[in-house]
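S.K.: Encoded as structure tokens, here's the structure I'll be asking about.
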Amino acid sequence: MAKKSGLSAEDVDSLRSQLDGGTQPLVWFTAAAVGMEEGRSAKLLAVTDPPEGDFIQVRPTGSKDEMSFSPAELTLEKPPPRKKPATPPPAPPEPARETEIIHPYVPEAPVKPAAPKPKPAAAPAEQAPAPKPARKPAAKNATPEVTVTLVSVGEGEWVVEVMQGTRKTVRPTPVPPAAVAQAAKLLTPEVAEIVEGVLNAARAQQLARVEQLRAELEAAQKALEDLGA
């Protein structure tokens with residue numbers, strides 16, 4: 001079987017995009033995969049972030065275990081189908097034996113047996129390579145980490161986004177400031193104080209804008225009266 005190359009950085013980005021799109025693509029193990037047969041397929045489950053060490057989670061075909069591997073241990077190259085071994089040709093028929101002629105026995109002079117030849121010293125056995133440690137399967141049914149982020153985008157506007165593991169499940173969505181203030185009061189006093197400070201700054205900014213618009217409206221009204229309206 002030809003030796004497969006590992007995943008490139010572009011391959012990893014492509015696999016992560018397919019996961020974000022709801023697809024679980026197939027990958028295959030290379031000869032570098034510890035404890036796995038080269039050419040065996042697996043279903044991609046997740047690509048964790050940051051990309052360090054064994055950050056690609058897969059489920060091997062025919063197994064229920066979730067395991068983590070590095071890009072060098074996986075490939076997108078599907079191995080060719082294995083060829084069936086060829087049937088060996090039938091053994092040729094044995095040649096006909098010639099009739100053995102038995103000669104009369106004539107005793108021979110005793111022959112002194114030769115001294116046994118010393119046996120050559122056995123070559124030292126090569127030390128077998130130490131077996132690679134078996135890879136521990138990832139924990140089954142592990143709950144992915146969920147991150148909820150509130151972001152102030154200026155002028156009293158807020159957005160919320162949710163990350164489940166490395167996948168963004170809720171993209172930035174607008175949230176009313178009143179809902180943000182109510183949620184902050186249910187959290188720690190430190191969080192409530194920070195959020196209240198941001199909201200107070202937004203209120204002051206909007207109040208200043210109202211005063212400015214009010215002054216402009218009064219000036220326009222006076223100009224209209226001067227024109228004799």
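So you can find residues: chains in the structure tokens are A, B, ... in the order shown, residues in each start at 1, and ligands are numbered from 1 in order.
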Residues near Ser70 in chain A, anyone? I mean within 10 Å using only C-alpha atoms, not counting same-chain ones fewer than 5 positions away, as a PyMOL selection string.
M.R.: chain A and resi 6-7+32-33+51-57
S.K.: By how many Å are CA of Arg16 in chain A and CA of Ser152 in chain A apart?
M.R.: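 If I compute the distance from CA of Arg16 in chain A to CA of Ser152 in chain A, I get 28.7 Å.
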S.K.: Enter the distance from CA of Thr143 in chain A to CA of Phe69 in chain A, in Å, rounded to one decimal.
M.R.: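 Answer for the CA of Thr143 in chain A to CA of Phe69 in chain A separation: 19.3 Å.
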S.K.: Do a neighbour search on Thr61 in chain A at 9 Å with only C-alpha atoms, toss out local chain neighbours closer than 6 positions, and write the hits as a VMD selection string.
M.R.: chain A and resid 40 to 43
S.K.: Please produce a file of the residues just selected, as a PDB file, in the first residue's frame, where the atoms kept are C-alpha atoms.
M.R.:
ATOM      1  CA  ARG A  40      -8.947   2.522   7.410  1.00  0.00           C
ATOM      2  CA  SER A  41     -11.632   5.186   7.162  1.00  0.00           C
ATOM      3  CA  ALA A  42     -13.099   7.353   9.922  1.00  0.00           C
ATOM      4  CA  LYS A  43     -15.852   9.984  10.262  1.00  0.00           C
TER       5      LYS A  43
END
S.K.: Of the candidates A:Thr23, A:Thr75, A:Ser63, A:Gln18, which one gets nearest to Glu38 in chain A if we count only C-alpha atoms?
M.R.: A:Thr75
S.K.: Identify which of the residues A:Ser14, A:Val191, A:Ala181, A:Glu155 lies closest to Gln206 in chain A, counting only C-alpha atoms when measuring atom-to-atom distances.
M.R.: A:Glu155
S.K.: Excluding Thr147 in chain A and its own-chain neighbours fewer than 3 positions away, which residues fall within 12 Å of it when counting only C-alpha atoms? Please give them as a list in words.
M.R.: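 Listing them by chain and then by number gives Pro144, Leu150, Val160, Glu161, Val162, Met163, Gln164, Gly165, Thr166, Arg167, Lys168, Thr169 and Val170 of chain A.
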S.K.: Find the residue from A:Ser17, A:Asn200, A:Thr173, A:Ser5 that sits nearest to Val47 in chain A; use only C-alpha atoms when measuring.
M.R.: A:Ser17
S.K.: Please provide the set of residues having any atom within 6 Å of Leu44 in chain A, restricted to only C-alpha atoms, with same-chain residues fewer than 3 positions apart removed, written as an NGL selection string.
M.R.: :A and (24-25 or 58)
S.K.: Restricted to C-alpha atoms, what would the selected residues look like written as a PDB file, in the first residue's frame?
M.R.:
ATOM      1  CA  GLN A  24     -19.193  15.077   8.664  1.00  0.00           C
ATOM      2  CA  PRO A  25     -16.674  14.111   5.931  1.00  0.00           C
ATOM      3  CA  VAL A  58     -12.791  11.196  14.592  1.00  0.00           C
TER       4      VAL A  58
END
S.K.: Measuring atom to atom with only C-alpha atoms, identify which of A:Gly22, A:Pro60, A:Pro176, A:Pro50 is nearest to Met36 in chain A.
M.R.: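 Between A:Gly22, A:Pro60, A:Pro176, A:Pro50, the residue approaching Met36 in chain A most closely is A:Pro60.
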S.K.: Would you pick out the contacts of Leu74 in chain A at 6 Å or less, using only C-alpha atoms, so that residues sharing its chain but fewer than 4 positions from it are not included, and give the list as number ranges by chain?
M.R.: A: 6, 28-30
S.K.: Store the residues picked out above in a file with N, CA, C and O atoms, as an mmCIF file, in the first residue's frame.
M.R.:
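What follows is the written file out_27.cif:
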data_model
loop_
_atom_site.group_PDB
_atom_site.id
_atom_site.type_symbol
_atom_site.label_atom_id
_atom_site.label_comp_id
_atom_site.auth_asym_id
_atom_site.auth_seq_id
_atom_site.Cartn_x
_atom_site.Cartn_y
_atom_site.Cartn_z
ATOM 1 N N GLY A 6 -0.015 13.317 5.119
ATOM 2 C CA GLY A 6 -0.962 13.805 6.109
ATOM 3 C C GLY A 6 -1.777 14.983 5.575
ATOM 4 O O GLY A 6 -1.700 15.351 4.401
ATOM 5 N N TRP A 28 -9.004 9.189 6.124
ATOM 6 C CA TRP A 28 -8.381 7.864 6.187
ATOM 7 C C TRP A 28 -7.082 7.961 6.989
ATOM 8 O O TRP A 28 -6.414 9.011 6.991
ATOM 9 N N PHE A 29 -6.731 6.853 7.670
ATOM 10 C CA PHE A 29 -5.528 6.830 8.496
ATOM 11 C C PHE A 29 -4.298 6.597 7.627
ATOM 12 O O PHE A 29 -4.322 5.819 6.664
ATOM 13 N N THR A 30 -3.202 7.275 7.983
ATOM 14 C CA THR A 30 -1.918 7.053 7.326
ATOM 15 C C THR A 30 -1.109 6.024 8.123
ATOM 16 O O THR A 30 -1.540 5.563 9.185
#
S.K.: Separation of CA of Glu37 in chain A and CA of Ser68 in chain A, in Å?
M.R.: 15.2 Å
S.K.: Which of range 7-62 of chain A counts as strand (DSSP E or B) under DSSP, as a PyMOL selection string please?
M.R.: chain A and resi 26-29+41-47+56-60
S.K.: Give me the residues near Ala184 in chain A as an mmCIF file with C-alpha atoms, in the first residue's frame, where near means some atom within 12 Å (using only C-alpha atoms) and where sequence neighbours in that chain fewer than 2 positions away do not count.
M.R.:
data_model
loop_
_atom_site.group_PDB
_atom_site.id
_atom_site.type_symbol
_atom_site.label_atom_id
_atom_site.label_comp_id
_atom_site.auth_asym_id
_atom_site.auth_seq_id
_atom_site.Cartn_x
_atom_site.Cartn_y
_atom_site.Cartn_z
ATOM 1 C CA LEU A 150 -22.329 40.029 25.214
ATOM 2 C CA PRO A 177 -30.335 47.185 26.461
ATOM 3 C CA ALA A 178 -33.103 46.621 29.025
ATOM 4 C CA ALA A 179 -32.699 42.842 28.666
ATOM 5 C CA VAL A 180 -28.924 43.204 29.120
ATOM 6 C CA ALA A 181 -29.392 45.244 32.300
ATOM 7 C CA GLN A 182 -31.876 42.705 33.702
ATOM 8 C CA LEU A 186 -28.832 38.221 38.017
ATOM 9 C CA LEU A 187 -25.062 37.717 37.743
ATOM 10 C CA THR A 188 -22.280 38.868 40.095
ATOM 11 C CA PRO A 189 -22.251 42.454 41.456
ATOM 12 C CA GLU A 190 -19.044 43.161 39.534
ATOM 13 C CA VAL A 191 -20.709 42.270 36.201
ATOM 14 C CA ALA A 192 -23.826 44.297 37.068
ATOM 15 C CA GLU A 193 -21.659 47.336 37.956
ATOM 16 C CA ILE A 194 -19.710 47.200 34.671
ATOM 17 C CA VAL A 195 -22.857 46.802 32.546
ATOM 18 C CA GLU A 196 -24.635 49.621 34.445
ATOM 19 C CA GLY A 197 -21.655 51.919 33.808
ATOM 20 C CA VAL A 198 -21.834 51.233 30.049
ATOM 21 C CA LEU A 199 -25.607 51.828 30.026
#
